[in-house]
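This report concerns only the one structure given below.
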Amino acid sequence: MPTDSGTNASRQGGWTADRMAAQEGRTFVVTGATSGLGLVTARELAAHGGRVLLAVRDAARGEAVASTLRRTYPGADVEVRRVDLLDVDSIRRAAAEIGEEESVDVLVNNAGISMVEHSVTAQGAERHLAANHLGHFALTALLEPVLRRSPAPRVVSVTSYLHEKGELDLDDVAWSRKYTPLAAYSASKLANAVFGAELARRERSSPSPITSVLAHPGYSNTPMQSKGDGLMGIAMRVSGRLFAQSPEMGALPQLFAATEPGLAGGSYVGPDGRGGRSGHPVTVRLSAVARDPELGRRLWERSQQLTGVRWGDA
C-alpha cells in the first residue's frame, strides 16, 4: 500500500499516542468503545483530556468502562450513550441525546461486526452491511447539526485493508445469492470507505465543512476476531493470536485520523508496515473503487432508502 504525499509520521520515528496533542475542550463520540480498537481509542482520548462519549450497545459494559477510565485518569470526562447500530430508532434516540451537547468535535465510527453467518435485518440488509455501514451512515447524518456547531468538526470512518477485495451489489443488499462471511465483511468495509470518500466530496462545497477522514487498523488482534462464526471464526482467532498486532497499535491510525491537525478531507490513514498490515500511522492512498464518485452517489442514495434517514433530517 503506497504512502501518500500527505503527512508521513514515520519520517519522525513513528507516531504514537504519546505524541498526541492535549485534547482539553474537545468532545469525541466513539462507537464500539467497550473493547478492542474502540476501547483503546476512548482511553487515549480521555487520557489526553478529551470529553469522550462512549456510544455503545451494552450500556452496562459501557458504564464499567467509563468507571475504569475515571479511576485510571482522575478527572476524566467520560459518559455513556446507548446506541444499537442495527436499530434506527435506537440511533435516533442516541443522536437526539448527543445533540444536546454544546458541540461534537469528532465522531469516530469504529464499531463493527465480523465474519458472522448470514442474516438479514428488518430493513432487508445483510447484517455486516447494516451494522458496519448503515448504522454509522444514519448516526452521522443525524449528528450533522451538533458536529457543525464545532469550529473544526471531523468524522473518522474506520474501514479495513480488506475493503480493496470487497464488492458492493446495491441491488442485492440482502446477499440473497452466494454468501460468504469474508465477502460480506469486505463489502461492508468497502461501504465504509466509499461513504468516507463521498462525505469528503460533498463537504468540499459546504460553507462550514465537516472534515471526513478514513482510517484502517491493519491486521489487529481484537475481540472482534474471537466472535466470528464457524470455521472462519476459528481460523481468525488462531491467526489473530499468532500474527496480528496489538489493539494499541491497531488503534493508532484512527487516533491519528481523529486528532492530527491539518488532515485534509478524504485523507486515508493506515499502518506503514509491509502491505499496510502493521506499523505506525501514515497517510496512504485510498483504493480507486472507494474513490469512485458514481459508486459513492449510489451508495449514499441506497443508504438513505434503507435507513429512512436523509442527510439534513435532524
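Chain identifiers are assigned as A, B, and so on, following the order in which chains appear in the C-alpha cells; residues are numbered from 1 within each chain, and ligands are numbered from 1 in order of appearance.
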
Report task. Would you list the contacts of A:Glu260 as a PyMOL selection string, taking every protein, DNA or RNA residue within 10 Å and counting only C-alpha atoms, but skipping same-chain residues closer than 2 positions in sequence? Result -> chain A and resi 7+19-21+254-258+262-263

Could you write out that same residue set with all heavy atoms as a PDB file, in the first residue's frame?
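part-v9.pdb written:
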```pdb
ATOM      1  N   THR A   7       0.783  13.698   5.194  1.00  0.00           N
ATOM      2  CA  THR A   7       1.539  13.560   6.430  1.00  0.00           C
ATOM      3  C   THR A   7       2.116  12.161   6.552  1.00  0.00           C
ATOM      4  O   THR A   7       1.419  11.186   6.419  1.00  0.00           O
ATOM      5  CB  THR A   7       0.623  13.840   7.633  1.00  0.00           C
ATOM      6  OG1 THR A   7       0.053  15.131   7.469  1.00  0.00           O
ATOM      7  CG2 THR A   7       1.389  13.795   8.928  1.00  0.00           C
ATOM      8  N   ARG A  19       2.439  11.121  21.315  1.00  0.00           N
ATOM      9  CA  ARG A  19       2.671  12.341  20.539  1.00  0.00           C
ATOM     10  C   ARG A  19       1.385  13.107  20.256  1.00  0.00           C
ATOM     11  O   ARG A  19       1.412  14.143  19.593  1.00  0.00           O
ATOM     12  CB  ARG A  19       3.381  11.979  19.233  1.00  0.00           C
ATOM     13  CG  ARG A  19       4.769  11.365  19.476  1.00  0.00           C
ATOM     14  CD  ARG A  19       5.427  10.898  18.204  1.00  0.00           C
ATOM     15  NE  ARG A  19       5.611  11.975  17.251  1.00  0.00           N
ATOM     16  CZ  ARG A  19       6.204  11.835  16.061  1.00  0.00           C
ATOM     17  NH1 ARG A  19       6.657  10.654  15.704  1.00  0.00           N
ATOM     18  NH2 ARG A  19       6.335  12.859  15.242  1.00  0.00           N
ATOM     19  N   MET A  20       0.273  12.603  20.740  1.00  0.00           N
ATOM     20  CA  MET A  20      -0.992  13.285  20.541  1.00  0.00           C
ATOM     21  C   MET A  20      -1.024  14.577  21.363  1.00  0.00           C
ATOM     22  O   MET A  20      -0.601  14.607  22.512  1.00  0.00           O
ATOM     23  CB  MET A  20      -2.154  12.378  20.966  1.00  0.00           C
ATOM     24  CG  MET A  20      -3.534  12.922  20.618  1.00  0.00           C
ATOM     25  SD  MET A  20      -4.846  12.013  21.496  1.00  0.00           S
ATOM     26  CE  MET A  20      -4.420  10.313  21.087  1.00  0.00           C
ATOM     27  N   ALA A  21      -1.526  15.636  20.759  1.00  0.00           N
ATOM     28  CA  ALA A  21      -1.671  16.898  21.473  1.00  0.00           C
ATOM     29  C   ALA A  21      -2.751  16.781  22.545  1.00  0.00           C
ATOM     30  O   ALA A  21      -3.600  15.885  22.506  1.00  0.00           O
ATOM     31  CB  ALA A  21      -2.033  18.010  20.490  1.00  0.00           C
ATOM     32  N   GLN A 254      -6.640   5.392  13.703  1.00  0.00           N
ATOM     33  CA  GLN A 254      -7.864   6.159  13.926  1.00  0.00           C
ATOM     34  C   GLN A 254      -7.661   7.268  14.950  1.00  0.00           C
ATOM     35  O   GLN A 254      -8.300   8.320  14.877  1.00  0.00           O
ATOM     36  CB  GLN A 254      -9.031   5.252  14.298  1.00  0.00           C
ATOM     37  CG  GLN A 254      -8.895   4.431  15.538  1.00  0.00           C
ATOM     38  CD  GLN A 254      -9.846   3.234  15.497  1.00  0.00           C
ATOM     39  OE1 GLN A 254      -9.759   2.385  14.606  1.00  0.00           O
ATOM     40  NE2 GLN A 254     -10.764   3.148  16.453  1.00  0.00           N
ATOM     41  N   LEU A 255      -6.737   7.074  15.899  1.00  0.00           N
ATOM     42  CA  LEU A 255      -6.389   8.168  16.802  1.00  0.00           C
ATOM     43  C   LEU A 255      -5.706   9.310  16.049  1.00  0.00           C
ATOM     44  O   LEU A 255      -5.994  10.485  16.271  1.00  0.00           O
ATOM     45  CB  LEU A 255      -5.483   7.659  17.926  1.00  0.00           C
ATOM     46  CG  LEU A 255      -6.188   6.898  19.040  1.00  0.00           C
ATOM     47  CD1 LEU A 255      -5.174   6.121  19.882  1.00  0.00           C
ATOM     48  CD2 LEU A 255      -6.986   7.852  19.921  1.00  0.00           C
ATOM     49  N   PHE A 256      -4.810   8.949  15.156  1.00  0.00           N
ATOM     50  CA  PHE A 256      -4.136   9.940  14.309  1.00  0.00           C
ATOM     51  C   PHE A 256      -5.165  10.672  13.456  1.00  0.00           C
ATOM     52  O   PHE A 256      -5.173  11.904  13.357  1.00  0.00           O
ATOM     53  CB  PHE A 256      -3.112   9.218  13.434  1.00  0.00           C
ATOM     54  CG  PHE A 256      -2.240  10.114  12.593  1.00  0.00           C
ATOM     55  CD1 PHE A 256      -1.046  10.605  13.084  1.00  0.00           C
ATOM     56  CD2 PHE A 256      -2.605  10.455  11.298  1.00  0.00           C
ATOM     57  CE1 PHE A 256      -0.220  11.421  12.301  1.00  0.00           C
ATOM     58  CE2 PHE A 256      -1.796  11.263  10.508  1.00  0.00           C
ATOM     59  CZ  PHE A 256      -0.611  11.745  11.013  1.00  0.00           C
ATOM     60  N   ALA A 257      -6.080   9.904  12.843  1.00  0.00           N
ATOM     61  CA  ALA A 257      -7.111  10.496  11.989  1.00  0.00           C
ATOM     62  C   ALA A 257      -8.029  11.421  12.776  1.00  0.00           C
ATOM     63  O   ALA A 257      -8.521  12.423  12.248  1.00  0.00           O
ATOM     64  CB  ALA A 257      -7.926   9.395  11.321  1.00  0.00           C
ATOM     65  N   ALA A 258      -8.262  11.107  14.042  1.00  0.00           N
ATOM     66  CA  ALA A 258      -9.177  11.895  14.864  1.00  0.00           C
ATOM     67  C   ALA A 258      -8.549  13.168  15.409  1.00  0.00           C
ATOM     68  O   ALA A 258      -9.262  14.148  15.662  1.00  0.00           O
ATOM     69  CB  ALA A 258      -9.683  11.046  16.032  1.00  0.00           C
ATOM     70  N   GLY A 262      -4.552  19.455  10.603  1.00  0.00           N
ATOM     71  CA  GLY A 262      -4.197  19.690   9.209  1.00  0.00           C
ATOM     72  C   GLY A 262      -4.532  18.598   8.233  1.00  0.00           C
ATOM     73  O   GLY A 262      -4.214  18.719   7.041  1.00  0.00           O
ATOM     74  N   LEU A 263      -5.165  17.518   8.656  1.00  0.00           N
ATOM     75  CA  LEU A 263      -5.532  16.468   7.703  1.00  0.00           C
ATOM     76  C   LEU A 263      -6.646  16.978   6.782  1.00  0.00           C
ATOM     77  O   LEU A 263      -7.642  17.522   7.235  1.00  0.00           O
ATOM     78  CB  LEU A 263      -6.012  15.208   8.431  1.00  0.00           C
ATOM     79  CG  LEU A 263      -4.950  14.350   9.113  1.00  0.00           C
ATOM     80  CD1 LEU A 263      -5.612  13.172   9.810  1.00  0.00           C
ATOM     81  CD2 LEU A 263      -3.914  13.856   8.113  1.00  0.00           C
TER      82      LEU A 263
END
```

Requested in this report: Determine which residues of stretch 146-236 of chain A receive a DSSP assignment of alpha helix (DSSP H), computed from the backbone, and state them as a ChimeraX atom specification.
Outcome: /A:146-148,181-203,230-236

Report summary line: Of A:Ala95, A:Ala215, A:Ala22, A:Leu53, the one sitting nearest A:Leu39 when using only C-alpha atoms is A:Leu53

Report task. Write out as a ChimeraX atom specification each polymer residue whose atoms come within 10 Å of stretch 71-86 of chain A, counting only C-alpha atoms; drop sequence neighbours fewer than 5 positions from it. Result -> /A:24,27-33,42-43,45-66,91-95,97-98,111-112,121-123,125,127-139,307

**Report entry** Which of A:Tyr185, A:Asp18, A:Leu142, A:Ala96 sits closest to A:Ser114 [using only C-alpha atoms]
**Finding:**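 Of all the options, A:Tyr185 lies closest to A:Ser114.
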
Query raised in the report: Which of these residues is nearest to A:Leu147, using only C-alpha atoms: A:Val309, A:Leu182, A:Val106, A:Val194?
Result: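 When distances to A:Leu147 are compared using only C-alpha atoms, the smallest one comes from A:Val106.
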
Residues of stretch 188-223 of chain A at most 8 Å from stretch 277-280 of chain A: nearest atom pair and distance in Å, only C-alpha atoms, as a Markdown table:
```
| residue | atom | partner | partner_atom | distance |
| --- | --- | --- | --- | --- |
| A:Pro217 | CA | A:Arg277 | CA | 7.7 |
| A:Gly218 | CA | A:Arg277 | CA | 4.0 |
| A:Tyr219 | CA | A:Arg277 | CA | 4.9 |
| A:Ser220 | CA | A:Ser278 | CA | 7.8 |
```

For the residues selected in the previous step, produce a file with N, CA, C and O atoms as a PDB file, in the first residue's frame.
```pdb
ATOM      1  N   PRO A 217      -6.948  -0.202  10.578  1.00  0.00           N
ATOM      2  CA  PRO A 217      -6.025  -0.608  11.642  1.00  0.00           C
ATOM      3  C   PRO A 217      -4.980  -1.621  11.237  1.00  0.00           C
ATOM      4  O   PRO A 217      -4.230  -2.102  12.105  1.00  0.00           O
ATOM      5  N   GLY A 218      -4.915  -1.981   9.945  1.00  0.00           N
ATOM      6  CA  GLY A 218      -4.052  -3.087   9.577  1.00  0.00           C
ATOM      7  C   GLY A 218      -4.648  -4.397  10.082  1.00  0.00           C
ATOM      8  O   GLY A 218      -5.870  -4.546  10.176  1.00  0.00           O
ATOM      9  N   TYR A 219      -3.791  -5.337  10.413  1.00  0.00           N
ATOM     10  CA  TYR A 219      -4.246  -6.625  10.929  1.00  0.00           C
ATOM     11  C   TYR A 219      -4.030  -6.608  12.434  1.00  0.00           C
ATOM     12  O   TYR A 219      -2.898  -6.712  12.915  1.00  0.00           O
ATOM     13  N   SER A 220      -5.123  -6.458  13.190  1.00  0.00           N
ATOM     14  CA  SER A 220      -5.024  -6.265  14.633  1.00  0.00           C
ATOM     15  C   SER A 220      -5.810  -7.329  15.378  1.00  0.00           C
ATOM     16  O   SER A 220      -6.912  -7.711  14.962  1.00  0.00           O
TER      17      SER A 220
END
```

Report task. Could you jot down the atom CA of A:Thr259 to atom CA of A:Val88 separation for me, Å, one decimal place? Result -> 28.5 Å

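You can rank A:Val289, A:Asp105, A:Glu203, A:Leu252 by their closest distance to A:Glu167 using only C-alpha atoms, and at the top of that list sits A:Val289.
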
**Report entry** Which of stretch 240-276 of chain A DSSP labels strand (DSSP E), written as a PyMOL selection string
**Finding:** chain A and resi 268-271

Query - Among the residues A:Val40, A:Ala191, A:Ala200, A:Leu143, the one that comes closest to A:Leu168 [using only C-alpha atoms] - result: A:Ala191
